[in-house]
Amino acid sequence: MTGSNRTGKKKGRTWRKRKRRICEGDRRPVCQGKDRELIHLQQFMRANGFNGCPLKPTIFPSTGRGAMAARSIKAGEVIIAVPKNLLISCRTVLLSHLGNKLKTWSSRFTCAQVLSLFLLCERNKGQASFWYPYISTLPNSFTTPVYFTEAEVDALSPTLQEKARELKKELLHAFNDLEPFVASMLPELDSKFTFDAFRWAWSVLKTRTLYQEDCRSPYLSNKEPQTSTMVPMLDLINHSPTAKARFGYNVNTSCYEVRVLEPYKKYDQVFISYGFDDNTELMLKFGFFVPRNPKDFIKINLSELLECLPQMDDEERTKKVDLLFDSGLLSNQTCTWNGISWQVISVLQVLARNGIDKDSAPVLFQKSIPPATALLRLCQNAAPTSEEARALQAAGALLERRLKAYETTIEEDSVLLQGTLSPCMELAVGSRREEKRMLLNALEVLTQYQTIN
């Protein structure tokens, strides 16, 4: 009999939930409360002034390791307050044995270089390091572009490839720059100061850097701000582009604090925003992307727009480009999940329309009307339907051209992702597929608009 067992008793909700989990595959979060290294980290922090937090380290099916609310959390509540003595910053380095060595060296290194070197020195000490409980919880490898092979870089979208190679060059330069110092001043580290070891430390820092007041030390290079800070426990919290939270150093409490601006229920995953919202920055800095990211965008260059409407002589093109720069419409040429931006359409309408220039459109330069608003008004009120249609057709052609520029299709990427790939290759293919999906979605939105109108 359906819904009953052999004794005739009706099976309860717990049995049905367990049965459903077995059938569907258990996708519940797994609390890491018994993880030995994380237990040691929390004990170490409590022994040094940390008062605990309402979060539990947890493995989530969709995001990996993150922070779960151990109880209900109210909007406006400070959920983490890490005292100053548990922060790793340039000040920490300068007060250490390494700092004394740096002060006697003739060259000055950047904040990122000295913090990376500090991590290597402390890891080399093993359990003798004050920071060992924290360092032992750090990942052994990363999926940031500096870990990509050349084939994996080539698999990235064209917009990411050049930037990924620049990051790899930056890392190599930082490593080579430090080698003479390590060989001369840190003999205990010299044999272990390899490129792979430095890449690990550099990646730890780059994926976990938060910001504090500038150190402004004369013993460090002033080529970049001396603000980088690592905050144990806080780096367990994952990113969400829609998270509402504030975090920073509170001079009144001498703690680095996280204050959530939205409530969380018990067992919810707690998020913060890392401050970099689009997928390009997330990939470059942290080695992940957010599927269907509402803050993501793809930049469109003016040269691409001009290629879509080539039926202009050089004089006409120059006049229209000058007009567009003066109007301010070139500030947000993008494609998002909402479609192609109105600025792109407006620019294409200007390029498609005959007779628009500085002399024939004096209304654009009235001080009481923002130039972009005036230019839009002129196009919307005066442009013939045929010219608007040309602009929309050009936008569609632009999107199609972007999609054809990739060496693979969305379908081919999906097949690749079903196979066995390295973590970095999977990320490269997945991120470029996400870009294509955004472009395709924008093309579909544009097609629907053209059909309606």
# chains A, B, ... in the order shown; residues from 1 in each chain; ligands from 1

call {"tool": "residues_around", "arguments": {"residues": "A:Asp296", "least_positions_apart": "4", "cutoff": "9 Å", "atoms": "only C-alpha atoms", "output": "list in words"}}
result
Asp277, Asp278, Asn279, Thr280, Val290, Arg292, Cys335, Thr336 and Trp337 of chain A

call {"tool": "residues_around", "arguments": {"residues": "A:Val82", "least_positions_apart": "5", "cutoff": "6 Å", "atoms": "only C-alpha atoms", "output": "PyMOL selection string"}}
result
chain A and resi 50+255-256

call {"tool": "write_last_selection", "arguments": {"atoms": "N, CA and C atoms", "output": "CSV table (one decimal), in the first residue's frame"}}
result
chain,number,residue,atom,x,y,z
A,50,PHE,N,40.4,37.0,20.6
A,50,PHE,CA,39.2,36.9,19.7
A,50,PHE,C,38.0,36.3,20.5
A,255,CYS,N,39.8,46.5,16.2
A,255,CYS,CA,39.4,45.2,15.6
A,255,CYS,C,39.1,45.4,14.2
A,256,TYR,N,39.3,44.4,13.4
A,256,TYR,CA,38.8,44.4,12.0
A,256,TYR,C,37.4,43.7,12.1

call {"tool": "closest_residue", "arguments": {"among": "A:Lys103, A:Lys84, A:His239, A:Lys295", "to": "A:Gln212", "atoms": "only C-alpha atoms"}}
result
A:Lys84

call {"tool": "residues_around", "arguments": {"residues": "A:Lys74", "least_positions_apart": "2", "cutoff": "10 Å", "atoms": "only C-alpha atoms", "output": "NGL selection string"}}
result
:A and (71-72 or 76-79 or 259-265)

call {"tool": "closest_residue", "arguments": {"among": "A:Pro158, A:Gly419, A:Pro139, A:Gly339", "to": "A:Leu443", "atoms": "only C-alpha atoms"}}
result
A:Gly339

call {"tool": "residues_around", "arguments": {"residues": "A:Leu94", "least_positions_apart": "5", "cutoff": "10 Å", "atoms": "only C-alpha atoms", "output": "number ranges by chain"}}
result
A: 89, 99-103, 114-115, 118, 217, 219-220

call {"tool": "residues_around", "arguments": {"residues": "stretch 410-415 of chain A", "least_positions_apart": "4", "cutoff": "12 Å", "atoms": "only C-alpha atoms", "output": "list in words"}}
result
Ala155, Leu156, Ser157, Leu403, Lys404, Tyr406, Gly419, Thr420, Leu421, Met425, Glu426, Leu427, Ala428, Val429, Gly430, Ser431, Arg432, Arg433, Glu434, Glu435, Lys436, Arg437, Met438, Leu439 and Leu440 of chain A

call {"tool": "residues_around", "arguments": {"residues": "A:Leu138", "least_positions_apart": "2", "cutoff": "12 Å", "atoms": "only C-alpha atoms", "output": "PDB file with all heavy atoms, in the first residue's frame"}}
result
ATOM      1  N   GLU A  37      42.373  21.230  12.086  1.00  0.00           N
ATOM      2  CA  GLU A  37      43.092  22.474  11.827  1.00  0.00           C
ATOM      3  C   GLU A  37      42.239  23.697  12.129  1.00  0.00           C
ATOM      4  O   GLU A  37      42.733  24.693  12.677  1.00  0.00           O
ATOM      5  CB  GLU A  37      43.570  22.498  10.374  1.00  0.00           C
ATOM      6  CG  GLU A  37      44.666  21.471  10.084  1.00  0.00           C
ATOM      7  CD  GLU A  37      45.080  21.457   8.637  1.00  0.00           C
ATOM      8  OE1 GLU A  37      44.309  21.979   7.795  1.00  0.00           O
ATOM      9  OE2 GLU A  37      46.166  20.925   8.328  1.00  0.00           O
ATOM     10  N   LEU A  38      40.948  23.637  11.786  1.00  0.00           N
ATOM     11  CA  LEU A  38      40.063  24.765  12.068  1.00  0.00           C
ATOM     12  C   LEU A  38      39.799  24.902  13.564  1.00  0.00           C
ATOM     13  O   LEU A  38      39.643  26.013  14.080  1.00  0.00           O
ATOM     14  CB  LEU A  38      38.758  24.610  11.291  1.00  0.00           C
ATOM     15  CG  LEU A  38      38.882  24.781   9.773  1.00  0.00           C
ATOM     16  CD1 LEU A  38      37.582  24.418   9.074  1.00  0.00           C
ATOM     17  CD2 LEU A  38      39.271  26.212   9.428  1.00  0.00           C
ATOM     18  N   LEU A  41      42.783  26.627  14.899  1.00  0.00           N
ATOM     19  CA  LEU A  41      42.748  28.051  14.543  1.00  0.00           C
ATOM     20  C   LEU A  41      41.856  28.822  15.504  1.00  0.00           C
ATOM     21  O   LEU A  41      42.246  29.888  16.013  1.00  0.00           O
ATOM     22  CB  LEU A  41      42.250  28.224  13.102  1.00  0.00           C
ATOM     23  CG  LEU A  41      41.990  29.674  12.656  1.00  0.00           C
ATOM     24  CD1 LEU A  41      43.278  30.490  12.720  1.00  0.00           C
ATOM     25  CD2 LEU A  41      41.394  29.706  11.251  1.00  0.00           C
ATOM     26  N   ARG A  65      34.075  25.608   0.579  1.00  0.00           N
ATOM     27  CA  ARG A  65      34.146  26.013   1.984  1.00  0.00           C
ATOM     28  C   ARG A  65      33.650  27.435   2.174  1.00  0.00           C
ATOM     29  O   ARG A  65      34.008  28.337   1.424  1.00  0.00           O
ATOM     30  CB  ARG A  65      35.585  25.901   2.510  1.00  0.00           C
ATOM     31  CG  ARG A  65      35.659  26.025   4.036  1.00  0.00           C
ATOM     32  CD  ARG A  65      37.016  25.638   4.568  1.00  0.00           C
ATOM     33  NE  ARG A  65      38.008  26.690   4.345  1.00  0.00           N
ATOM     34  CZ  ARG A  65      39.246  26.650   4.842  1.00  0.00           C
ATOM     35  NH1 ARG A  65      39.641  25.603   5.539  1.00  0.00           N
ATOM     36  NH2 ARG A  65      40.090  27.625   4.597  1.00  0.00           N
ATOM     37  N   LEU A 119      54.966  35.300   4.769  1.00  0.00           N
ATOM     38  CA  LEU A 119      54.227  34.037   4.821  1.00  0.00           C
ATOM     39  C   LEU A 119      55.158  32.848   4.614  1.00  0.00           C
ATOM     40  O   LEU A 119      55.039  31.824   5.303  1.00  0.00           O
ATOM     41  CB  LEU A 119      53.129  34.026   3.755  1.00  0.00           C
ATOM     42  CG  LEU A 119      51.859  34.817   4.054  1.00  0.00           C
ATOM     43  CD1 LEU A 119      50.968  34.874   2.820  1.00  0.00           C
ATOM     44  CD2 LEU A 119      51.099  34.198   5.217  1.00  0.00           C
ATOM     45  N   ARG A 123      55.855  29.964   7.326  1.00  0.00           N
ATOM     46  CA  ARG A 123      55.556  28.570   6.991  1.00  0.00           C
ATOM     47  C   ARG A 123      56.798  27.706   7.160  1.00  0.00           C
ATOM     48  O   ARG A 123      56.711  26.541   7.585  1.00  0.00           O
ATOM     49  CB  ARG A 123      55.024  28.458   5.557  1.00  0.00           C
ATOM     50  CG  ARG A 123      54.535  27.047   5.233  1.00  0.00           C
ATOM     51  CD  ARG A 123      53.811  26.955   3.914  1.00  0.00           C
ATOM     52  NE  ARG A 123      54.694  27.028   2.765  1.00  0.00           N
ATOM     53  CZ  ARG A 123      54.388  26.575   1.551  1.00  0.00           C
ATOM     54  NH1 ARG A 123      53.197  26.027   1.327  1.00  0.00           N
ATOM     55  NH2 ARG A 123      55.223  26.700   0.549  1.00  0.00           N
ATOM     56  N   TRP A 131      52.106  32.060  13.851  1.00  0.00           N
ATOM     57  CA  TRP A 131      51.009  32.045  12.881  1.00  0.00           C
ATOM     58  C   TRP A 131      50.705  30.655  12.338  1.00  0.00           C
ATOM     59  O   TRP A 131      49.870  30.512  11.456  1.00  0.00           O
ATOM     60  CB  TRP A 131      51.344  32.980  11.710  1.00  0.00           C
ATOM     61  CG  TRP A 131      51.516  34.395  12.140  1.00  0.00           C
ATOM     62  CD1 TRP A 131      52.691  35.069  12.305  1.00  0.00           C
ATOM     63  CD2 TRP A 131      50.478  35.314  12.508  1.00  0.00           C
ATOM     64  NE1 TRP A 131      52.454  36.349  12.735  1.00  0.00           N
ATOM     65  CE2 TRP A 131      51.101  36.535  12.867  1.00  0.00           C
ATOM     66  CE3 TRP A 131      49.081  35.228  12.551  1.00  0.00           C
ATOM     67  CZ2 TRP A 131      50.379  37.642  13.271  1.00  0.00           C
ATOM     68  CZ3 TRP A 131      48.356  36.337  12.956  1.00  0.00           C
ATOM     69  CH2 TRP A 131      49.002  37.531  13.319  1.00  0.00           C
ATOM     70  N   TYR A 132      51.355  29.627  12.861  1.00  0.00           N
ATOM     71  CA  TYR A 132      51.160  28.277  12.342  1.00  0.00           C
ATOM     72  C   TYR A 132      49.688  27.844  12.321  1.00  0.00           C
ATOM     73  O   TYR A 132      49.235  27.259  11.313  1.00  0.00           O
ATOM     74  CB  TYR A 132      51.987  27.280  13.142  1.00  0.00           C
ATOM     75  CG  TYR A 132      51.727  25.834  12.752  1.00  0.00           C
ATOM     76  CD1 TYR A 132      52.278  25.307  11.586  1.00  0.00           C
ATOM     77  CD2 TYR A 132      50.902  25.016  13.524  1.00  0.00           C
ATOM     78  CE1 TYR A 132      52.032  23.993  11.203  1.00  0.00           C
ATOM     79  CE2 TYR A 132      50.646  23.705  13.149  1.00  0.00           C
ATOM     80  CZ  TYR A 132      51.204  23.203  11.999  1.00  0.00           C
ATOM     81  OH  TYR A 132      50.944  21.912  11.624  1.00  0.00           O
ATOM     82  N   PRO A 133      48.882  28.083  13.373  1.00  0.00           N
ATOM     83  CA  PRO A 133      47.476  27.650  13.335  1.00  0.00           C
ATOM     84  C   PRO A 133      46.687  28.256  12.182  1.00  0.00           C
ATOM     85  O   PRO A 133      45.755  27.626  11.676  1.00  0.00           O
ATOM     86  CB  PRO A 133      46.926  28.116  14.686  1.00  0.00           C
ATOM     87  CG  PRO A 133      48.120  28.181  15.573  1.00  0.00           C
ATOM     88  CD  PRO A 133      49.230  28.657  14.686  1.00  0.00           C
ATOM     89  N   TYR A 134      47.063  29.467  11.774  1.00  0.00           N
ATOM     90  CA  TYR A 134      46.388  30.095  10.630  1.00  0.00           C
ATOM     91  C   TYR A 134      46.941  29.558   9.313  1.00  0.00           C
ATOM     92  O   TYR A 134      46.177  29.162   8.413  1.00  0.00           O
ATOM     93  CB  TYR A 134      46.547  31.609  10.692  1.00  0.00           C
ATOM     94  CG  TYR A 134      45.999  32.333   9.476  1.00  0.00           C
ATOM     95  CD1 TYR A 134      44.683  32.157   9.060  1.00  0.00           C
ATOM     96  CD2 TYR A 134      46.804  33.188   8.723  1.00  0.00           C
ATOM     97  CE1 TYR A 134      44.174  32.814   7.944  1.00  0.00           C
ATOM     98  CE2 TYR A 134      46.314  33.848   7.610  1.00  0.00           C
ATOM     99  CZ  TYR A 134      45.001  33.662   7.222  1.00  0.00           C
ATOM    100  OH  TYR A 134      44.509  34.307   6.120  1.00  0.00           O
ATOM    101  N   ILE A 135      48.263  29.519   9.197  1.00  0.00           N
ATOM    102  CA  ILE A 135      48.893  29.083   7.942  1.00  0.00           C
ATOM    103  C   ILE A 135      48.499  27.653   7.596  1.00  0.00           C
ATOM    104  O   ILE A 135      48.323  27.305   6.421  1.00  0.00           O
ATOM    105  CB  ILE A 135      50.418  29.239   8.043  1.00  0.00           C
ATOM    106  CG1 ILE A 135      50.775  30.725   8.088  1.00  0.00           C
ATOM    107  CG2 ILE A 135      51.120  28.569   6.865  1.00  0.00           C
ATOM    108  CD1 ILE A 135      52.241  31.013   8.334  1.00  0.00           C
ATOM    109  N   SER A 136      48.310  26.816   8.607  1.00  0.00           N
ATOM    110  CA  SER A 136      47.969  25.407   8.345  1.00  0.00           C
ATOM    111  C   SER A 136      46.577  25.243   7.751  1.00  0.00           C
ATOM    112  O   SER A 136      46.258  24.186   7.198  1.00  0.00           O
ATOM    113  CB  SER A 136      48.075  24.593   9.638  1.00  0.00           C
ATOM    114  OG  SER A 136      47.108  25.035  10.587  1.00  0.00           O
ATOM    115  N   ASN A 140      46.602  24.756  -0.427  1.00  0.00           N
ATOM    116  CA  ASN A 140      47.926  24.435  -0.968  1.00  0.00           C
ATOM    117  C   ASN A 140      48.095  24.898  -2.412  1.00  0.00           C
ATOM    118  O   ASN A 140      49.223  25.031  -2.891  1.00  0.00           O
ATOM    119  CB  ASN A 140      48.175  22.929  -0.888  1.00  0.00           C
ATOM    120  CG  ASN A 140      48.319  22.453   0.551  1.00  0.00           C
ATOM    121  OD1 ASN A 140      48.942  23.125   1.364  1.00  0.00           O
ATOM    122  ND2 ASN A 140      47.719  21.319   0.861  1.00  0.00           N
ATOM    123  N   SER A 141      46.995  25.111  -3.110  1.00  0.00           N
ATOM    124  CA  SER A 141      47.065  25.578  -4.495  1.00  0.00           C
ATOM    125  C   SER A 141      45.826  26.407  -4.791  1.00  0.00           C
ATOM    126  O   SER A 141      44.867  26.424  -4.010  1.00  0.00           O
ATOM    127  CB  SER A 141      47.170  24.406  -5.471  1.00  0.00           C
ATOM    128  OG  SER A 141      46.014  23.594  -5.385  1.00  0.00           O
ATOM    129  N   PHE A 142      45.846  27.078  -5.945  1.00  0.00           N
ATOM    130  CA  PHE A 142      44.779  28.022  -6.286  1.00  0.00           C
ATOM    131  C   PHE A 142      44.409  27.868  -7.761  1.00  0.00           C
ATOM    132  O   PHE A 142      45.102  27.199  -8.524  1.00  0.00           O
ATOM    133  CB  PHE A 142      45.247  29.459  -6.005  1.00  0.00           C
ATOM    134  CG  PHE A 142      45.518  29.722  -4.550  1.00  0.00           C
ATOM    135  CD1 PHE A 142      46.759  29.396  -4.002  1.00  0.00           C
ATOM    136  CD2 PHE A 142      44.561  30.263  -3.731  1.00  0.00           C
ATOM    137  CE1 PHE A 142      47.025  29.626  -2.661  1.00  0.00           C
ATOM    138  CE2 PHE A 142      44.809  30.500  -2.392  1.00  0.00           C
ATOM    139  CZ  PHE A 142      46.041  30.166  -1.851  1.00  0.00           C
ATOM    140  N   TRP A 200      52.734  30.380  -4.363  1.00  0.00           N
ATOM    141  CA  TRP A 200      51.745  30.024  -3.333  1.00  0.00           C
ATOM    142  C   TRP A 200      51.509  31.184  -2.385  1.00  0.00           C
ATOM    143  O   TRP A 200      50.363  31.581  -2.135  1.00  0.00           O
ATOM    144  CB  TRP A 200      52.221  28.800  -2.540  1.00  0.00           C
ATOM    145  CG  TRP A 200      51.368  28.536  -1.331  1.00  0.00           C
ATOM    146  CD1 TRP A 200      50.186  27.867  -1.291  1.00  0.00           C
ATOM    147  CD2 TRP A 200      51.633  28.972   0.006  1.00  0.00           C
ATOM    148  NE1 TRP A 200      49.679  27.851  -0.004  1.00  0.00           N
ATOM    149  CE2 TRP A 200      50.550  28.531   0.812  1.00  0.00           C
ATOM    150  CE3 TRP A 200      52.667  29.695   0.600  1.00  0.00           C
ATOM    151  CZ2 TRP A 200      50.480  28.795   2.183  1.00  0.00           C
ATOM    152  CZ3 TRP A 200      52.598  29.962   1.964  1.00  0.00           C
ATOM    153  CH2 TRP A 200      51.524  29.504   2.739  1.00  0.00           C
ATOM    154  N   ALA A 201      52.584  31.751  -1.846  1.00  0.00           N
ATOM    155  CA  ALA A 201      52.452  32.844  -0.881  1.00  0.00           C
ATOM    156  C   ALA A 201      51.798  34.073  -1.524  1.00  0.00           C
ATOM    157  O   ALA A 201      50.933  34.725  -0.919  1.00  0.00           O
ATOM    158  CB  ALA A 201      53.827  33.208  -0.327  1.00  0.00           C
ATOM    159  N   SER A 203      49.732  34.099  -4.005  1.00  0.00           N
ATOM    160  CA  SER A 203      48.320  33.803  -4.248  1.00  0.00           C
ATOM    161  C   SER A 203      47.510  33.845  -2.960  1.00  0.00           C
ATOM    162  O   SER A 203      46.356  34.301  -2.953  1.00  0.00           O
ATOM    163  CB  SER A 203      48.175  32.438  -4.927  1.00  0.00           C
ATOM    164  OG  SER A 203      48.856  32.426  -6.168  1.00  0.00           O
ATOM    165  N   VAL A 204      48.093  33.350  -1.867  1.00  0.00           N
ATOM    166  CA  VAL A 204      47.425  33.465  -0.561  1.00  0.00           C
ATOM    167  C   VAL A 204      47.104  34.919  -0.283  1.00  0.00           C
ATOM    168  O   VAL A 204      45.978  35.287   0.084  1.00  0.00           O
ATOM    169  CB  VAL A 204      48.310  32.897   0.572  1.00  0.00           C
ATOM    170  CG1 VAL A 204      47.753  33.301   1.940  1.00  0.00           C
ATOM    171  CG2 VAL A 204      48.388  31.377   0.486  1.00  0.00           C
ATOM    172  N   LEU A 205      48.107  35.762  -0.457  1.00  0.00           N
ATOM    173  CA  LEU A 205      47.922  37.188  -0.182  1.00  0.00           C
ATOM    174  C   LEU A 205      46.895  37.819  -1.114  1.00  0.00           C
ATOM    175  O   LEU A 205      45.963  38.508  -0.666  1.00  0.00           O
ATOM    176  CB  LEU A 205      49.262  37.914  -0.324  1.00  0.00           C
ATOM    177  CG  LEU A 205      49.190  39.436  -0.180  1.00  0.00           C
ATOM    178  CD1 LEU A 205      48.856  39.818   1.249  1.00  0.00           C
ATOM    179  CD2 LEU A 205      50.499  40.080  -0.620  1.00  0.00           C
ATOM    180  N   THR A 207      44.473  36.589  -2.837  1.00  0.00           N
ATOM    181  CA  THR A 207      43.089  36.127  -2.720  1.00  0.00           C
ATOM    182  C   THR A 207      42.483  36.444  -1.355  1.00  0.00           C
ATOM    183  O   THR A 207      41.286  36.217  -1.149  1.00  0.00           O
ATOM    184  CB  THR A 207      42.994  34.604  -2.959  1.00  0.00           C
ATOM    185  OG1 THR A 207      43.841  33.921  -2.019  1.00  0.00           O
ATOM    186  CG2 THR A 207      43.404  34.254  -4.372  1.00  0.00           C
ATOM    187  N   ARG A 208      43.294  36.966  -0.429  1.00  0.00           N
ATOM    188  CA  ARG A 208      42.802  37.215   0.925  1.00  0.00           C
ATOM    189  C   ARG A 208      43.049  38.640   1.413  1.00  0.00           C
ATOM    190  O   ARG A 208      42.794  38.950   2.571  1.00  0.00           O
ATOM    191  CB  ARG A 208      43.470  36.224   1.904  1.00  0.00           C
ATOM    192  CG  ARG A 208      42.803  34.887   1.870  1.00  0.00           C
ATOM    193  CD  ARG A 208      43.693  33.761   2.315  1.00  0.00           C
ATOM    194  NE  ARG A 208      42.908  32.533   2.400  1.00  0.00           N
ATOM    195  CZ  ARG A 208      42.477  31.847   1.364  1.00  0.00           C
ATOM    196  NH1 ARG A 208      42.765  32.265   0.148  1.00  0.00           N
ATOM    197  NH2 ARG A 208      41.755  30.752   1.509  1.00  0.00           N
ATOM    198  N   MET A 230      45.791  40.770   6.038  1.00  0.00           N
ATOM    199  CA  MET A 230      45.142  39.463   6.059  1.00  0.00           C
ATOM    200  C   MET A 230      44.460  39.291   7.411  1.00  0.00           C
ATOM    201  O   MET A 230      45.045  39.602   8.461  1.00  0.00           O
ATOM    202  CB  MET A 230      46.160  38.351   5.822  1.00  0.00           C
ATOM    203  CG  MET A 230      46.767  38.398   4.436  1.00  0.00           C
ATOM    204  SD  MET A 230      48.034  37.129   4.182  1.00  0.00           S
ATOM    205  CE  MET A 230      47.033  35.653   4.333  1.00  0.00           C
ATOM    206  N   PRO A 232      42.548  36.502   9.675  1.00  0.00           N
ATOM    207  CA  PRO A 232      42.109  35.119   9.922  1.00  0.00           C
ATOM    208  C   PRO A 232      40.623  35.049  10.271  1.00  0.00           C
ATOM    209  O   PRO A 232      40.082  35.954  10.915  1.00  0.00           O
ATOM    210  CB  PRO A 232      42.972  34.690  11.112  1.00  0.00           C
ATOM    211  CG  PRO A 232      44.200  35.549  11.018  1.00  0.00           C
ATOM    212  CD  PRO A 232      43.718  36.869  10.493  1.00  0.00           C
ATOM    213  N   MET A 233      39.960  33.996   9.843  1.00  0.00           N
ATOM    214  CA  MET A 233      38.523  33.729  10.030  1.00  0.00           C
ATOM    215  C   MET A 233      37.672  34.467   9.003  1.00  0.00           C
ATOM    216  O   MET A 233      36.785  33.886   8.405  1.00  0.00           O
ATOM    217  CB  MET A 233      38.029  34.049  11.439  1.00  0.00           C
ATOM    218  CG  MET A 233      38.476  33.060  12.486  1.00  0.00           C
ATOM    219  SD  MET A 233      37.891  31.359  12.200  1.00  0.00           S
ATOM    220  CE  MET A 233      36.133  31.523  12.467  1.00  0.00           C
ATOM    221  N   ASP A 235      38.442  35.336   6.123  1.00  0.00           N
ATOM    222  CA  ASP A 235      38.636  34.796   4.775  1.00  0.00           C
ATOM    223  C   ASP A 235      37.911  33.475   4.550  1.00  0.00           C
ATOM    224  O   ASP A 235      38.009  32.889   3.472  1.00  0.00           O
ATOM    225  CB  ASP A 235      40.124  34.668   4.427  1.00  0.00           C
ATOM    226  CG  ASP A 235      40.900  33.836   5.431  1.00  0.00           C
ATOM    227  OD1 ASP A 235      40.268  33.182   6.277  1.00  0.00           O
ATOM    228  OD2 ASP A 235      42.144  33.845   5.370  1.00  0.00           O
ATOM    229  N   LEU A 236      37.164  32.999   5.556  1.00  0.00           N
ATOM    230  CA  LEU A 236      36.305  31.826   5.357  1.00  0.00           C
ATOM    231  C   LEU A 236      34.984  32.198   4.689  1.00  0.00           C
ATOM    232  O   LEU A 236      34.264  31.342   4.186  1.00  0.00           O
ATOM    233  CB  LEU A 236      36.003  31.153   6.705  1.00  0.00           C
ATOM    234  CG  LEU A 236      37.169  30.462   7.418  1.00  0.00           C
ATOM    235  CD1 LEU A 236      36.709  29.955   8.776  1.00  0.00           C
ATOM    236  CD2 LEU A 236      37.718  29.315   6.583  1.00  0.00           C
TER     237      LEU A 236
END

call {"tool": "select_by_dssp", "arguments": {"residues": "stretch 203-294 of chain A", "states": "alpha helix (DSSP H)", "output": "list of chain:residue names"}}
result
A:Ser203, A:Val204, A:Leu205, A:Lys206, A:Thr207, A:Arg208, A:Asn279, A:Thr280, A:Glu281, A:Leu282, A:Met283, A:Leu284, A:Lys285, A:Phe286

call {"tool": "atom_distance", "arguments": {"atom1": "atom CA of A:Met283", "atom2": "atom CA of A:Ala164"}}
result
9.2 Å

call {"tool": "closest_residue", "arguments": {"among": "A:Gln418, A:Thr447, A:Thr110, A:Thr253", "to": "A:Glu400", "atoms": "only C-alpha atoms"}}
result
A:Thr447
